[in-house]
Each structure stands twice: as structure tokens, then as C-alpha cells.
Amino acid sequence: MRYWINRESSGNDRALLEVYTGWVQCAIGFAAPTQHVTMKSFLPLASGKVRFYPTTDATQPGGIMQKTVVASIGAVAPTEDEANVFAVDGAEVQLEAQTFPGIGGSPLCLVLNVQLGLLNCHLFNYNYAVQVITRGAPTFDESPIPTSQRPSGGASPEGGPIG
């Protein structure tokens with residue numbers, strides 16, 4: 001969802017409030033010892049479609065001025081008769097330069113980074129709610145990307161970088 005808001009009660013200083021909600025399917029399982037991993041995901045506008053942001057500078061049109069992130073465990077299957085942990089250790093959202101087949105340059109995309117703590121369980125998905133306020137800009141580029149595309153520098157279930 002997107003809404004134009006006035007930043008002051010009088011005047012025409014507008015900002016764009018964007019709300020992203022959903023879940024990320026991950027289907028990862030861990031046994032002992034407790035594992036801490038970071039999972040990365042694009043925040044899509046629709047299936048296979050993301051927004052390209054013009055700048056990381058919050059003072060420029062299209063720059064992110066404020067952001068709020070909430071993430072929680074969705075579906076999990078704990079190992080029976082074992083101590084288990086399934087938790088969100090932290091979550092953040094940031095603009096990251098990405099490369100896509102057939103799209104020139106390295107556009108800035110909104111990427112969700114969720115840190116998970118898992119012990120003796122299988123995690124099927126986690127949920128998120130993100131709110132971003134950007135400085136008013138006349139247009140934002142939106143582009144379809146391959147649905148199999150993952151954010152660069154993502155993390156594998158083992159916690160290491162994906163090549």
C-alpha cells in the first residue's frame with residue numbers, strides 16, 4: 001500500500017508512506033547447536049515486481065526518511081522431546097544495489113534482512129510488516145524481475161554467504 005502524506009499540518013511538503021506485509025517461505029531445519037542465520041528477501045510490490053529507489057540520501061527526493069520493521073516466526077515444527085528454540089533475533093530493511101538479467105546498472109532495491117535463531121526445529125516461514133516513509137518524488141521506477149531472483153549477498157541456511 002502507498003499513501004501520500006503531508007509532513008506538516010500546513011504546507012505542501014509531501015512524503016510517501018509505503019506499507020509492505022507478507023511472509024517469506026524458507027523451509028530450513030536445524031539441530032544442535034543453536035544456529036544464528038541472516039535471511040535476505042526483496043520486499044515486492046507484487047509477485048516478481050520490485051521498486052527501484054533513486055537514492056540512499058534521505059535529504060533527496062525518493063530517499064528513505066524513516067523505516068519501521070517487525071518480523072515474527074510463522075510456521076515451525078519443533079523436534080519432539082528435544083529442547084528447541086525458534087526466534088527472530090533482529091530485523092532491518094535497507095536499500096541495496098542489485099543486478100538483474102536484462103536490466104542495466106545496479107538499481108537500489110528495498111531488502112529485508114531477518115536474523116533468526118534456531119535449535120532443533122524446522123522453520124517453514126516467517127512474517128514481516130515494514131513501513132517506509134520516503135521524501136516526496138514525482139515517480140518511482142518499478143520493474144518485473146525473475147521470480148527466482150534473490151538479493152545479492154544473501155545468506156545460506158548454514159549462515160555463510162551465497163556465491
# chains A, B, ... in the order shown; residues from 1 in each chain; ligands from 1
>>> closest_atom_pairs(of="segment 39-85 of chain A", to="segment 120-128 of chain A", cutoff="10 Å", atoms="only C-alpha atoms", output="tab-separated table")
residue	atom	partner	partner_atom	distance
A:Leu43	CA	A:Tyr128	CA	9.7
A:Val69	CA	A:Tyr128	CA	7.3
A:Val70	CA	A:Tyr128	CA	5.6
A:Ala71	CA	A:Tyr128	CA	4.3
A:Ser72	CA	A:Asn127	CA	5.3
A:Ile73	CA	A:Tyr126	CA	4.5
A:Gly74	CA	A:Tyr126	CA	4.3
A:Ala75	CA	A:Phe124	CA	5.3
A:Val76	CA	A:Leu123	CA	4.4
A:Ala77	CA	A:His122	CA	5.1
A:Pro78	CA	A:Cys121	CA	4.2
A:Thr79	CA	A:Cys121	CA	5.2
A:Glu80	CA	A:Asn120	CA	8.6
A:Asp81	CA	A:Asn120	CA	9.8
A:Glu82	CA	A:Asn120	CA	6.8
A:Ala83	CA	A:Asn120	CA	6.9
A:Asn84	CA	A:Asn120	CA	5.0
A:Val85	CA	A:Asn120	CA	6.9
>>> write_last_selection(atoms="N, CA, C and O atoms", output="PDB file, in the first residue's frame")
ATOM      1  N   LEU A  43      11.445  -6.902  -0.871  1.00  0.00           N
ATOM      2  CA  LEU A  43      10.086  -6.546  -0.490  1.00  0.00           C
ATOM      3  C   LEU A  43       9.347  -6.223  -1.783  1.00  0.00           C
ATOM      4  O   LEU A  43       9.537  -5.158  -2.370  1.00  0.00           O
ATOM      5  N   VAL A  69      10.342  -1.871  11.095  1.00  0.00           N
ATOM      6  CA  VAL A  69      10.311  -3.271  10.695  1.00  0.00           C
ATOM      7  C   VAL A  69       9.849  -4.131  11.870  1.00  0.00           C
ATOM      8  O   VAL A  69      10.321  -3.955  12.995  1.00  0.00           O
ATOM      9  N   VAL A  70       8.945  -5.051  11.591  1.00  0.00           N
ATOM     10  CA  VAL A  70       8.534  -6.061  12.565  1.00  0.00           C
ATOM     11  C   VAL A  70       8.599  -7.407  11.849  1.00  0.00           C
ATOM     12  O   VAL A  70       8.127  -7.536  10.720  1.00  0.00           O
ATOM     13  N   ALA A  71       9.186  -8.401  12.498  1.00  0.00           N
ATOM     14  CA  ALA A  71       9.245  -9.754  11.936  1.00  0.00           C
ATOM     15  C   ALA A  71       8.949 -10.757  13.043  1.00  0.00           C
ATOM     16  O   ALA A  71       9.282 -10.522  14.210  1.00  0.00           O
ATOM     17  N   SER A  72       8.306 -11.861  12.671  1.00  0.00           N
ATOM     18  CA  SER A  72       7.988 -12.894  13.650  1.00  0.00           C
ATOM     19  C   SER A  72       8.023 -14.263  12.978  1.00  0.00           C
ATOM     20  O   SER A  72       7.865 -14.376  11.768  1.00  0.00           O
ATOM     21  N   ILE A  73       8.201 -15.267  13.805  1.00  0.00           N
ATOM     22  CA  ILE A  73       8.191 -16.645  13.316  1.00  0.00           C
ATOM     23  C   ILE A  73       6.782 -16.978  12.834  1.00  0.00           C
ATOM     24  O   ILE A  73       5.797 -16.640  13.482  1.00  0.00           O
ATOM     25  N   GLY A  74       6.701 -17.647  11.687  1.00  0.00           N
ATOM     26  CA  GLY A  74       5.409 -18.086  11.153  1.00  0.00           C
ATOM     27  C   GLY A  74       5.165 -19.541  11.521  1.00  0.00           C
ATOM     28  O   GLY A  74       4.872 -19.854  12.668  1.00  0.00           O
ATOM     29  N   ALA A  75       5.358 -20.437  10.568  1.00  0.00           N
ATOM     30  CA  ALA A  75       5.122 -21.861  10.796  1.00  0.00           C
ATOM     31  C   ALA A  75       6.439 -22.554  11.135  1.00  0.00           C
ATOM     32  O   ALA A  75       7.432 -22.398  10.433  1.00  0.00           O
ATOM     33  N   VAL A  76       6.417 -23.330  12.200  1.00  0.00           N
ATOM     34  CA  VAL A  76       7.614 -24.036  12.648  1.00  0.00           C
ATOM     35  C   VAL A  76       7.206 -25.409  13.178  1.00  0.00           C
ATOM     36  O   VAL A  76       6.115 -25.584  13.702  1.00  0.00           O
ATOM     37  N   ALA A  77       8.094 -26.387  12.994  1.00  0.00           N
ATOM     38  CA  ALA A  77       7.881 -27.729  13.529  1.00  0.00           C
ATOM     39  C   ALA A  77       9.032 -28.049  14.472  1.00  0.00           C
ATOM     40  O   ALA A  77      10.141 -28.342  14.023  1.00  0.00           O
ATOM     41  N   PRO A  78       8.801 -27.962  15.783  1.00  0.00           N
ATOM     42  CA  PRO A  78       9.871 -28.290  16.728  1.00  0.00           C
ATOM     43  C   PRO A  78      10.127 -29.793  16.771  1.00  0.00           C
ATOM     44  O   PRO A  78       9.222 -30.591  16.546  1.00  0.00           O
ATOM     45  N   THR A  79      11.362 -30.171  17.025  1.00  0.00           N
ATOM     46  CA  THR A  79      11.719 -31.574  17.199  1.00  0.00           C
ATOM     47  C   THR A  79      11.144 -32.049  18.526  1.00  0.00           C
ATOM     48  O   THR A  79      11.314 -31.402  19.556  1.00  0.00           O
ATOM     49  N   GLU A  80      10.444 -33.181  18.494  1.00  0.00           N
ATOM     50  CA  GLU A  80       9.821 -33.691  19.714  1.00  0.00           C
ATOM     51  C   GLU A  80      10.871 -34.160  20.708  1.00  0.00           C
ATOM     52  O   GLU A  80      11.930 -34.658  20.344  1.00  0.00           O
ATOM     53  N   ASP A  81      10.544 -34.013  21.987  1.00  0.00           N
ATOM     54  CA  ASP A  81      11.378 -34.469  23.102  1.00  0.00           C
ATOM     55  C   ASP A  81      12.774 -33.864  23.093  1.00  0.00           C
ATOM     56  O   ASP A  81      13.724 -34.473  23.590  1.00  0.00           O
ATOM     57  N   GLU A  82      12.939 -32.702  22.507  1.00  0.00           N
ATOM     58  CA  GLU A  82      14.224 -32.008  22.487  1.00  0.00           C
ATOM     59  C   GLU A  82      13.990 -30.550  22.881  1.00  0.00           C
ATOM     60  O   GLU A  82      12.933 -29.984  22.580  1.00  0.00           O
ATOM     61  N   ALA A  83      14.973 -29.967  23.523  1.00  0.00           N
ATOM     62  CA  ALA A  83      14.909 -28.524  23.756  1.00  0.00           C
ATOM     63  C   ALA A  83      14.973 -27.850  22.404  1.00  0.00           C
ATOM     64  O   ALA A  83      15.716 -28.281  21.517  1.00  0.00           O
ATOM     65  N   ASN A  84      14.165 -26.822  22.197  1.00  0.00           N
ATOM     66  CA  ASN A  84      14.191 -26.158  20.903  1.00  0.00           C
ATOM     67  C   ASN A  84      14.026 -24.652  21.063  1.00  0.00           C
ATOM     68  O   ASN A  84      13.490 -24.170  22.052  1.00  0.00           O
ATOM     69  N   VAL A  85      14.554 -23.956  20.062  1.00  0.00           N
ATOM     70  CA  VAL A  85      14.476 -22.502  20.003  1.00  0.00           C
ATOM     71  C   VAL A  85      14.096 -22.127  18.583  1.00  0.00           C
ATOM     72  O   VAL A  85      14.636 -22.686  17.622  1.00  0.00           O
TER      73      VAL A  85
END
>>> closest_atom_pairs(of="segment 69-98 of chain A", to="segment 45-65 of chain A", cutoff="9 Å", atoms="only C-alpha atoms", output="JSON lines")
{"residue": "A:Gln94", "atom": "CA", "partner": "A:Thr56", "partner_atom": "CA", "distance": 9.0}
{"residue": "A:Leu95", "atom": "CA", "partner": "A:Thr56", "partner_atom": "CA", "distance": 6.8}
{"residue": "A:Glu96", "atom": "CA", "partner": "A:Thr56", "partner_atom": "CA", "distance": 8.8}
>>> atom_distance(atom1="atom CA of Glu18 of chain A", atom2="atom CA of Gly102 of chain A")
26.9 Å
>>> atom_distance(atom1="atom CA of Val24 of chain A", atom2="atom CA of Leu118 of chain A")
16.0 Å
>>> closest_residue(among="A:Thr99, A:Thr68, A:Ser41, A:Ser106", to="Ala129 of chain A", atoms="only C-alpha atoms")
A:Thr68
>>> closest_residue(among="A:Cys26, A:Ala15, A:Ala32, A:Val37", to="Gln115 of chain A", atoms="only C-alpha atoms")
A:Val37
>>> select_by_dssp(residues="segment 9-139 of chain A", states="strand (DSSP E or B)", output="VMD selection string")
chain A and resid 14 to 30 35 to 42 46 49 to 53 64 to 73 76 to 78 85 to 97 100 103 108 to 119 121 to 135
>>> atom_distance(atom1="atom CA of Thr21 of chain A", atom2="atom CA of Cys109 of chain A")
16.1 Å
>>> closest_residue(among="A:Phe100, A:Tyr20, A:Phe86, A:Trp4", to="Lys67 of chain A", atoms="only C-alpha atoms")
A:Tyr20
>>> residues_around(residues="His36 of chain A", least_positions_apart="2", cutoff="8 Å", atoms="only C-alpha atoms", output="list in words")
Thr34, Thr38, Gln115, Leu116, Gly117, Leu118 and Gly159 of chain A
>>> decode(residues="segment 3-112 of chain A", atoms="C-alpha atoms", output="PDB file, in the first residue's frame")
ATOM      1  CA  TYR A   3      -0.209   6.805   0.662  1.00  0.00           C
ATOM      2  CA  TRP A   4       0.854  10.393   0.103  1.00  0.00           C
ATOM      3  CA  ILE A   5       1.018  12.260   3.412  1.00  0.00           C
ATOM      4  CA  ASN A   6       1.696  15.886   4.324  1.00  0.00           C
ATOM      5  CA  ARG A   7       4.653  16.145   6.669  1.00  0.00           C
ATOM      6  CA  GLU A   8       3.250  19.313   8.270  1.00  0.00           C
ATOM      7  CA  SER A   9      -0.321  20.351   9.006  1.00  0.00           C
ATOM      8  CA  SER A  10       0.066  23.351   6.720  1.00  0.00           C
ATOM      9  CA  GLY A  11       2.153  23.490   3.568  1.00  0.00           C
ATOM     10  CA  ASN A  12       2.782  21.130   0.712  1.00  0.00           C
ATOM     11  CA  ASP A  13       5.806  19.139   1.942  1.00  0.00           C
ATOM     12  CA  ARG A  14       4.670  15.662   0.925  1.00  0.00           C
ATOM     13  CA  ALA A  15       6.125  12.272   1.716  1.00  0.00           C
ATOM     14  CA  LEU A  16       5.192   8.798   0.545  1.00  0.00           C
ATOM     15  CA  LEU A  17       4.216   6.220   3.176  1.00  0.00           C
ATOM     16  CA  GLU A  18       4.666   2.649   1.922  1.00  0.00           C
ATOM     17  CA  VAL A  19       3.500  -0.458   3.798  1.00  0.00           C
ATOM     18  CA  TYR A  20       4.795  -3.941   2.940  1.00  0.00           C
ATOM     19  CA  THR A  21       3.414  -7.046   4.665  1.00  0.00           C
ATOM     20  CA  GLY A  22       3.741 -10.729   3.935  1.00  0.00           C
ATOM     21  CA  TRP A  23       5.677 -13.864   4.696  1.00  0.00           C
ATOM     22  CA  VAL A  24       8.848 -15.467   3.410  1.00  0.00           C
ATOM     23  CA  GLN A  25       8.924 -19.199   2.801  1.00  0.00           C
ATOM     24  CA  CYS A  26      12.280 -20.620   3.786  1.00  0.00           C
ATOM     25  CA  ALA A  27      11.915 -24.320   4.744  1.00  0.00           C
ATOM     26  CA  ILE A  28      15.129 -24.587   6.763  1.00  0.00           C
ATOM     27  CA  GLY A  29      15.887 -27.037   9.564  1.00  0.00           C
ATOM     28  CA  PHE A  30      18.496 -27.127  12.307  1.00  0.00           C
ATOM     29  CA  ALA A  31      19.623 -29.485  15.014  1.00  0.00           C
ATOM     30  CA  ALA A  32      22.032 -28.699  17.845  1.00  0.00           C
ATOM     31  CA  PRO A  33      23.881 -26.451  18.390  1.00  0.00           C
ATOM     32  CA  THR A  34      21.769 -23.306  18.118  1.00  0.00           C
ATOM     33  CA  GLN A  35      22.286 -21.634  14.742  1.00  0.00           C
ATOM     34  CA  HIS A  36      22.035 -17.912  14.036  1.00  0.00           C
ATOM     35  CA  VAL A  37      21.474 -17.027  10.387  1.00  0.00           C
ATOM     36  CA  THR A  38      20.504 -14.000   8.345  1.00  0.00           C
ATOM     37  CA  MET A  39      17.928 -14.464   5.602  1.00  0.00           C
ATOM     38  CA  LYS A  40      17.509 -11.813   2.901  1.00  0.00           C
ATOM     39  CA  SER A  41      14.447 -11.097   0.816  1.00  0.00           C
ATOM     40  CA  PHE A  42      13.200  -8.433  -1.572  1.00  0.00           C
ATOM     41  CA  LEU A  43      10.086  -6.546  -0.490  1.00  0.00           C
ATOM     42  CA  PRO A  44       7.914  -6.978  -3.586  1.00  0.00           C
ATOM     43  CA  LEU A  45       5.102  -4.794  -4.902  1.00  0.00           C
ATOM     44  CA  ALA A  46       3.589  -7.908  -6.493  1.00  0.00           C
ATOM     45  CA  SER A  47       4.896 -11.327  -7.467  1.00  0.00           C
ATOM     46  CA  GLY A  48       8.197 -10.775  -9.283  1.00  0.00           C
ATOM     47  CA  LYS A  49       7.928  -6.959  -9.186  1.00  0.00           C
ATOM     48  CA  VAL A  50      10.059  -4.589  -7.083  1.00  0.00           C
ATOM     49  CA  ARG A  51      10.530  -0.834  -6.799  1.00  0.00           C
ATOM     50  CA  PHE A  52      13.806   0.833  -7.754  1.00  0.00           C
ATOM     51  CA  TYR A  53      14.663   3.744  -5.449  1.00  0.00           C
ATOM     52  CA  PRO A  54      16.622   6.714  -6.826  1.00  0.00           C
ATOM     53  CA  THR A  55      18.947   7.391  -3.867  1.00  0.00           C
ATOM     54  CA  THR A  56      20.134   6.377  -0.407  1.00  0.00           C
ATOM     55  CA  ASP A  57      20.319  10.062   0.591  1.00  0.00           C
ATOM     56  CA  ALA A  58      17.356  10.821   2.906  1.00  0.00           C
ATOM     57  CA  THR A  59      17.550  14.525   2.044  1.00  0.00           C
ATOM     58  CA  GLN A  60      16.917  13.922  -1.679  1.00  0.00           C
ATOM     59  CA  PRO A  61      13.583  13.159  -3.408  1.00  0.00           C
ATOM     60  CA  GLY A  62      12.925   9.422  -3.183  1.00  0.00           C
ATOM     61  CA  GLY A  63      15.293   8.953  -0.218  1.00  0.00           C
ATOM     62  CA  ILE A  64      14.069   6.985   2.818  1.00  0.00           C
ATOM     63  CA  MET A  65      13.486   9.283   5.795  1.00  0.00           C
ATOM     64  CA  GLN A  66      12.057   6.739   8.266  1.00  0.00           C
ATOM     65  CA  LYS A  67      11.518   2.996   8.428  1.00  0.00           C
ATOM     66  CA  THR A  68       9.937   0.516  10.823  1.00  0.00           C
ATOM     67  CA  VAL A  69      10.311  -3.271  10.695  1.00  0.00           C
ATOM     68  CA  VAL A  70       8.534  -6.061  12.565  1.00  0.00           C
ATOM     69  CA  ALA A  71       9.245  -9.754  11.936  1.00  0.00           C
ATOM     70  CA  SER A  72       7.988 -12.894  13.650  1.00  0.00           C
ATOM     71  CA  ILE A  73       8.191 -16.645  13.316  1.00  0.00           C
ATOM     72  CA  GLY A  74       5.409 -18.086  11.153  1.00  0.00           C
ATOM     73  CA  ALA A  75       5.122 -21.861  10.796  1.00  0.00           C
ATOM     74  CA  VAL A  76       7.614 -24.036  12.648  1.00  0.00           C
ATOM     75  CA  ALA A  77       7.881 -27.729  13.529  1.00  0.00           C
ATOM     76  CA  PRO A  78       9.871 -28.290  16.728  1.00  0.00           C
ATOM     77  CA  THR A  79      11.719 -31.574  17.199  1.00  0.00           C
ATOM     78  CA  GLU A  80       9.821 -33.691  19.714  1.00  0.00           C
ATOM     79  CA  ASP A  81      11.378 -34.469  23.102  1.00  0.00           C
ATOM     80  CA  GLU A  82      14.224 -32.008  22.487  1.00  0.00           C
ATOM     81  CA  ALA A  83      14.909 -28.524  23.756  1.00  0.00           C
ATOM     82  CA  ASN A  84      14.191 -26.158  20.903  1.00  0.00           C
ATOM     83  CA  VAL A  85      14.476 -22.502  20.003  1.00  0.00           C
ATOM     84  CA  PHE A  86      12.845 -20.624  17.141  1.00  0.00           C
ATOM     85  CA  ALA A  87      13.195 -16.881  17.357  1.00  0.00           C
ATOM     86  CA  VAL A  88      13.697 -13.692  15.390  1.00  0.00           C
ATOM     87  CA  ASP A  89      16.920 -12.199  16.774  1.00  0.00           C
ATOM     88  CA  GLY A  90      16.529  -8.986  14.764  1.00  0.00           C
ATOM     89  CA  ALA A  91      15.260  -7.477  11.543  1.00  0.00           C
ATOM     90  CA  GLU A  92      16.141  -4.485   9.388  1.00  0.00           C
ATOM     91  CA  VAL A  93      15.320  -3.115   5.972  1.00  0.00           C
ATOM     92  CA  GLN A  94      17.714  -1.178   3.768  1.00  0.00           C
ATOM     93  CA  LEU A  95      18.336  -0.107   0.207  1.00  0.00           C
ATOM     94  CA  GLU A  96      20.884  -2.318  -1.531  1.00  0.00           C
ATOM     95  CA  ALA A  97      22.280  -2.141  -5.068  1.00  0.00           C
ATOM     96  CA  GLN A  98      21.241  -5.197  -7.102  1.00  0.00           C
ATOM     97  CA  THR A  99      21.918  -6.596 -10.558  1.00  0.00           C
ATOM     98  CA  PHE A 100      19.257  -8.246 -12.709  1.00  0.00           C
ATOM     99  CA  PRO A 101      19.473 -10.007 -16.069  1.00  0.00           C
ATOM    100  CA  GLY A 102      18.341  -7.648 -18.834  1.00  0.00           C
ATOM    101  CA  ILE A 103      18.273  -4.537 -16.597  1.00  0.00           C
ATOM    102  CA  GLY A 104      21.177  -2.118 -16.876  1.00  0.00           C
ATOM    103  CA  GLY A 105      23.047  -0.657 -13.931  1.00  0.00           C
ATOM    104  CA  SER A 106      22.673  -1.560 -10.283  1.00  0.00           C
ATOM    105  CA  PRO A 107      19.282  -0.270  -9.112  1.00  0.00           C
ATOM    106  CA  LEU A 108      18.623   0.278  -5.407  1.00  0.00           C
ATOM    107  CA  CYS A 109      16.024  -2.150  -4.046  1.00  0.00           C
ATOM    108  CA  LEU A 110      14.421  -2.495  -0.623  1.00  0.00           C
ATOM    109  CA  VAL A 111      15.820  -5.636   1.038  1.00  0.00           C
ATOM    110  CA  LEU A 112      14.609  -7.227   4.276  1.00  0.00           C
TER     111      LEU A 112
END
